[in-house]
Amino acid sequence: MSSPRQITVLGECVADAFTESASTPNTLALRVLPGGGPANTAVALARLGTPARFLARLSGDVFGRLFRAHLESSGVDLSSAVAAAEASTLAVAELDERGQAAFSFHAQNTADWQWTAEELAGVDLSETVCVHTGSLALVREPGAAAVEDFLAASAPRATISIDPNVRPLLVDPEVYRVRLAHWCELADVLRLSEDDLAVLLPGTPPEQTCDIWHAAGARLVVITRGADGVLASLDGERIEVPAVPTSVVDTVGAGDSFTAGLLHHLATRGLLGGRLTELRLDHVADACLFAVRVAALTCSVAGPNPPWQSQLEQLAIVGRV
């Protein structure tokens, strides 16, 4: 097994504020945790032991300082992060009885979407085996075009991984539909949730959606389906992987942690760094089996708090007893 090379993640940090009961009448208490899909993925990668660099625009406000401390304490490389003058993005989350979160966003003109070509032009990818991005950074203007151009420039050097992480309350789903074909031209790995599918291609069977995105250019399409496990398709060859049973506190960050587990597993086996030419379906199955364990541990705790490698090792020891 080879040592993993660096994975570079580009995207947003979001302050996830969870509603809680307050002791004072007619007031609302909020518990704020550092989140944001790409940030969660970077944290999970670093905690699993993959060198993870995060390209972010970090505000100097109270939330930005929280993000920076969280990322650095998890071992994420912030040497290429931009110190942004704008405010941080805030999302207020309300959990249902199944631990599923409904978000309302406060994201107008915030730091995460202001990428410029100049900010990304000097990023050194010589040590990067994979570039991962997605979520709102790919669709929120004015920075989305700069992010897409960065992916196109990165593709000759690194595997490209994209997680659209559709947010219909913030961005018209048609924006995702129009851009998705272009993302597939850039992406080697495309990860979506069943909720993403329901918005992007309502009523379309998952297998058919995989074929649509293969035809557009993506080699590996992975669809996470919560308790129903994972459907993965490599150039049209399919495999299903069951979910790991767990006591769910909430599902916030589970998909981001799954993506990190998938990329970490592939990287440690030397399968990233190009167009996935050496990748086989059994490799995909093993990576998905590992990734569902990472996601299950994330679901077992509050908020986007992915596990450390030592926790997975302990779980494996317990499982053998």
# chains A, B, ... in the order shown; residues from 1 in each chain; ligands from 1
>>> residues_around(residues="Ser247 of chain A", least_positions_apart="3", cutoff="9 Å", atoms="only C-alpha atoms", output="list in words")
Ala296, Cys299, Ser300 and Val301 of chain A
>>> write_last_selection(atoms="all heavy atoms", output="mmCIF file, in the first residue's frame")
data_model
loop_
_atom_site.group_PDB
_atom_site.id
_atom_site.type_symbol
_atom_site.label_atom_id
_atom_site.label_comp_id
_atom_site.auth_asym_id
_atom_site.auth_seq_id
_atom_site.Cartn_x
_atom_site.Cartn_y
_atom_site.Cartn_z
ATOM 1 N N ALA A 296 -21.038 6.300 8.762
ATOM 2 C CA ALA A 296 -21.822 5.820 9.904
ATOM 3 C C ALA A 296 -21.323 6.437 11.210
ATOM 4 O O ALA A 296 -22.126 6.836 12.079
ATOM 5 C CB ALA A 296 -21.761 4.300 9.977
ATOM 6 N N CYS A 299 -22.565 9.947 11.489
ATOM 7 C CA CYS A 299 -23.989 10.009 11.863
ATOM 8 C C CYS A 299 -24.209 9.736 13.352
ATOM 9 O O CYS A 299 -25.239 10.130 13.909
ATOM 10 C CB CYS A 299 -24.793 8.985 11.055
ATOM 11 S SG CYS A 299 -24.990 9.375 9.312
ATOM 12 N N SER A 300 -23.256 9.073 13.987
ATOM 13 C CA SER A 300 -23.444 8.664 15.379
ATOM 14 C C SER A 300 -23.136 9.766 16.383
ATOM 15 O O SER A 300 -23.316 9.579 17.588
ATOM 16 C CB SER A 300 -22.574 7.441 15.688
ATOM 17 O OG SER A 300 -21.195 7.790 15.698
ATOM 18 N N VAL A 301 -22.667 10.927 15.883
ATOM 19 C CA VAL A 301 -22.367 12.065 16.755
ATOM 20 C C VAL A 301 -23.055 13.306 16.204
ATOM 21 O O VAL A 301 -23.492 13.338 15.050
ATOM 22 C CB VAL A 301 -20.850 12.312 16.868
ATOM 23 C CG1 VAL A 301 -20.157 11.126 17.513
ATOM 24 C CG2 VAL A 301 -20.233 12.600 15.495
#
>>> residues_around(residues="Cys288 of chain A", least_positions_apart="4", cutoff="12 Å", atoms="only C-alpha atoms", output="JSON, numbers by chain")
{"A": [191, 220, 221, 222, 223, 224, 229, 230, 231, 232, 233, 239, 240, 241, 242, 243, 244, 255, 257, 258, 259, 260, 261, 262, 263, 264, 265, 266, 281, 282, 283, 284, 292, 293, 294, 295]}
>>> atom_distance(atom1="atom CA of Thr41 of chain A", atom2="atom CA of Val252 of chain A")
12.0 Å
>>> select_by_dssp(residues="segment 104-182 of chain A", states="strand (DSSP E)", output="PyMOL selection string")
chain A and resi 104-106+128-134+159-163
>>> closest_atom_pairs(of="segment 281-308 of chain A", to="segment 59-80 of chain A", cutoff="12 Å", atoms="only C-alpha atoms", output="tab-separated table")
residue	atom	partner	partner_atom	distance
A:Pro304	CA	A:His70	CA	11.3
A:Asn305	CA	A:His70	CA	10.2
A:Pro306	CA	A:Ser74	CA	9.9
A:Pro307	CA	A:Ser74	CA	10.3
A:Trp308	CA	A:Ser74	CA	8.8
>>> residues_around(residues="segment 124-127 of chain A", least_positions_apart="5", cutoff="12 Å", atoms="only C-alpha atoms", output="ChimeraX atom specification")
/A:4-9,51-53,55,79-80,119,150-151,153-159,273
>>> atom_distance(atom1="atom CA of Glu194 of chain A", atom2="atom CA of Gly134 of chain A")
16.0 Å
>>> closest_residue(among="A:Gly11, A:Pro205, A:Gly236, A:Gly143", to="Gly35 of chain A", atoms="only C-alpha atoms")
A:Gly11
>>> atom_distance(atom1="atom CA of Arg275 of chain A", atom2="atom CA of Leu234 of chain A")
12.1 Å
>>> select_by_dssp(residues="segment 7-111 of chain A", states="alpha helix (DSSP H)", output="mmCIF file with N, CA and C atoms, in the first residue's frame")
data_model
loop_
_atom_site.group_PDB
_atom_site.id
_atom_site.type_symbol
_atom_site.label_atom_id
_atom_site.label_comp_id
_atom_site.auth_asym_id
_atom_site.auth_seq_id
_atom_site.Cartn_x
_atom_site.Cartn_y
_atom_site.Cartn_z
ATOM 1 N N GLY A 37 -19.922 21.693 3.203
ATOM 2 C CA GLY A 37 -19.567 20.420 2.592
ATOM 3 C C GLY A 37 -18.085 20.242 2.279
ATOM 4 N N PRO A 38 -17.471 21.131 1.513
ATOM 5 C CA PRO A 38 -16.042 20.961 1.221
ATOM 6 C C PRO A 38 -15.163 21.005 2.472
ATOM 7 N N ALA A 39 -15.479 21.893 3.413
ATOM 8 C CA ALA A 39 -14.704 21.951 4.654
ATOM 9 C C ALA A 39 -14.812 20.638 5.420
ATOM 10 N N ASN A 40 -16.022 20.079 5.488
ATOM 11 C CA ASN A 40 -16.210 18.788 6.159
ATOM 12 C C ASN A 40 -15.365 17.699 5.511
ATOM 13 N N THR A 41 -15.315 17.704 4.177
ATOM 14 C CA THR A 41 -14.537 16.691 3.464
ATOM 15 C C THR A 41 -13.051 16.852 3.746
ATOM 16 N N ALA A 42 -12.563 18.084 3.756
ATOM 17 C CA ALA A 42 -11.155 18.322 4.056
ATOM 18 C C ALA A 42 -10.804 17.850 5.463
ATOM 19 N N VAL A 43 -11.665 18.159 6.429
ATOM 20 C CA VAL A 43 -11.439 17.722 7.813
ATOM 21 C C VAL A 43 -11.411 16.199 7.901
ATOM 22 N N ALA A 44 -12.378 15.553 7.250
ATOM 23 C CA ALA A 44 -12.440 14.087 7.299
ATOM 24 C C ALA A 44 -11.202 13.461 6.666
ATOM 25 N N LEU A 45 -10.749 13.992 5.542
ATOM 26 C CA LEU A 45 -9.544 13.467 4.902
ATOM 27 C C LEU A 45 -8.343 13.576 5.837
ATOM 28 N N ALA A 46 -8.159 14.748 6.438
ATOM 29 C CA ALA A 46 -7.012 14.947 7.326
ATOM 30 C C ALA A 46 -7.077 14.015 8.525
ATOM 31 N N ARG A 47 -8.260 13.851 9.092
ATOM 32 C CA ARG A 47 -8.391 12.977 10.257
ATOM 33 C C ARG A 47 -8.143 11.511 9.903
ATOM 34 N N LEU A 48 -8.419 11.142 8.662
ATOM 35 C CA LEU A 48 -8.161 9.769 8.216
ATOM 36 C C LEU A 48 -6.686 9.533 7.898
ATOM 37 N N VAL A 62 -16.049 36.204 13.697
ATOM 38 C CA VAL A 62 -16.055 35.196 14.747
ATOM 39 C C VAL A 62 -16.210 33.798 14.177
ATOM 40 N N PHE A 63 -17.010 33.649 13.115
ATOM 41 C CA PHE A 63 -17.181 32.340 12.505
ATOM 42 C C PHE A 63 -15.928 31.926 11.745
ATOM 43 N N GLY A 64 -15.317 32.874 11.054
ATOM 44 C CA GLY A 64 -14.086 32.571 10.331
ATOM 45 C C GLY A 64 -12.987 32.093 11.256
ATOM 46 N N ARG A 65 -12.895 32.689 12.429
ATOM 47 C CA ARG A 65 -11.890 32.243 13.403
ATOM 48 C C ARG A 65 -12.222 30.846 13.911
ATOM 49 N N LEU A 66 -13.506 30.545 14.059
ATOM 50 C CA LEU A 66 -13.929 29.198 14.445
ATOM 51 C C LEU A 66 -13.542 28.190 13.372
ATOM 52 N N PHE A 67 -13.785 28.526 12.097
ATOM 53 C CA PHE A 67 -13.421 27.632 10.993
ATOM 54 C C PHE A 67 -11.925 27.330 11.010
ATOM 55 N N ARG A 68 -11.140 28.399 11.128
ATOM 56 C CA ARG A 68 -9.685 28.233 11.048
ATOM 57 C C ARG A 68 -9.184 27.322 12.176
ATOM 58 N N ALA A 69 -9.668 27.548 13.390
ATOM 59 C CA ALA A 69 -9.237 26.725 14.521
ATOM 60 C C ALA A 69 -9.641 25.266 14.326
ATOM 61 N N HIS A 70 -10.860 25.044 13.836
ATOM 62 C CA HIS A 70 -11.368 23.684 13.616
ATOM 63 C C HIS A 70 -10.539 22.963 12.555
ATOM 64 N N LEU A 71 -10.287 23.634 11.439
ATOM 65 C CA LEU A 71 -9.537 23.022 10.347
ATOM 66 C C LEU A 71 -8.101 22.719 10.767
ATOM 67 N N GLU A 72 -7.458 23.678 11.408
ATOM 68 C CA GLU A 72 -6.066 23.480 11.803
ATOM 69 C C GLU A 72 -5.931 22.401 12.867
ATOM 70 N N SER A 73 -6.873 22.325 13.799
ATOM 71 C CA SER A 73 -6.781 21.301 14.846
ATOM 72 C C SER A 73 -7.010 19.902 14.290
#
>>> closest_residue(among="A:Trp213, A:Pro173, A:Gly36, A:Ala111", to="Ala198 of chain A", atoms="only C-alpha atoms")
A:Pro173
>>> residues_around(residues="Ala29 of chain A", least_positions_apart="6", cutoff="8 Å", atoms="only C-alpha atoms", output="ChimeraX atom specification")
/A:19-22
>>> residues_around(residues="Ala15 of chain A", least_positions_apart="6", cutoff="7 Å", atoms="only C-alpha atoms", output="list in words")
Val32, Leu33, Pro34, Gly35, Phe63, Thr89, Leu90 and Ala91 of chain A
>>> residues_around(residues="Glu97 of chain A", least_positions_apart="3", cutoff="10 Å", atoms="only C-alpha atoms", output="VMD selection string")
chain A and resid 100 to 101 249 to 250
>>> write_last_selection(atoms="N, CA and C atoms", output="short mmCIF file (atom, residue, chain, number, x, y, z; two decimals), in the first residue's frame")
data_model
loop_
_atom_site.label_atom_id
_atom_site.label_comp_id
_atom_site.auth_asym_id
_atom_site.auth_seq_id
_atom_site.Cartn_x
_atom_site.Cartn_y
_atom_site.Cartn_z
N GLN A 100 -32.54 14.22 10.17
CA GLN A 100 -32.32 14.91 8.90
C GLN A 100 -32.44 16.42 9.13
N ALA A 101 -31.54 17.17 8.49
CA ALA A 101 -31.51 18.61 8.72
C ALA A 101 -32.14 19.37 7.56
N VAL A 249 -27.58 10.16 15.41
CA VAL A 249 -27.84 11.40 16.14
C VAL A 249 -28.33 12.45 15.15
N ASP A 250 -27.57 12.64 14.07
CA ASP A 250 -28.04 13.42 12.92
C ASP A 250 -27.19 13.01 11.72
#
>>> closest_residue(among="A:Arg140, A:His132, A:His182, A:Arg98", to="Gln114 of chain A", atoms="only C-alpha atoms")
A:Arg140
>>> closest_residue(among="A:Leu10, A:Ala102, A:Leu170, A:Ala121", to="Val139 of chain A", atoms="only C-alpha atoms")
A:Leu170
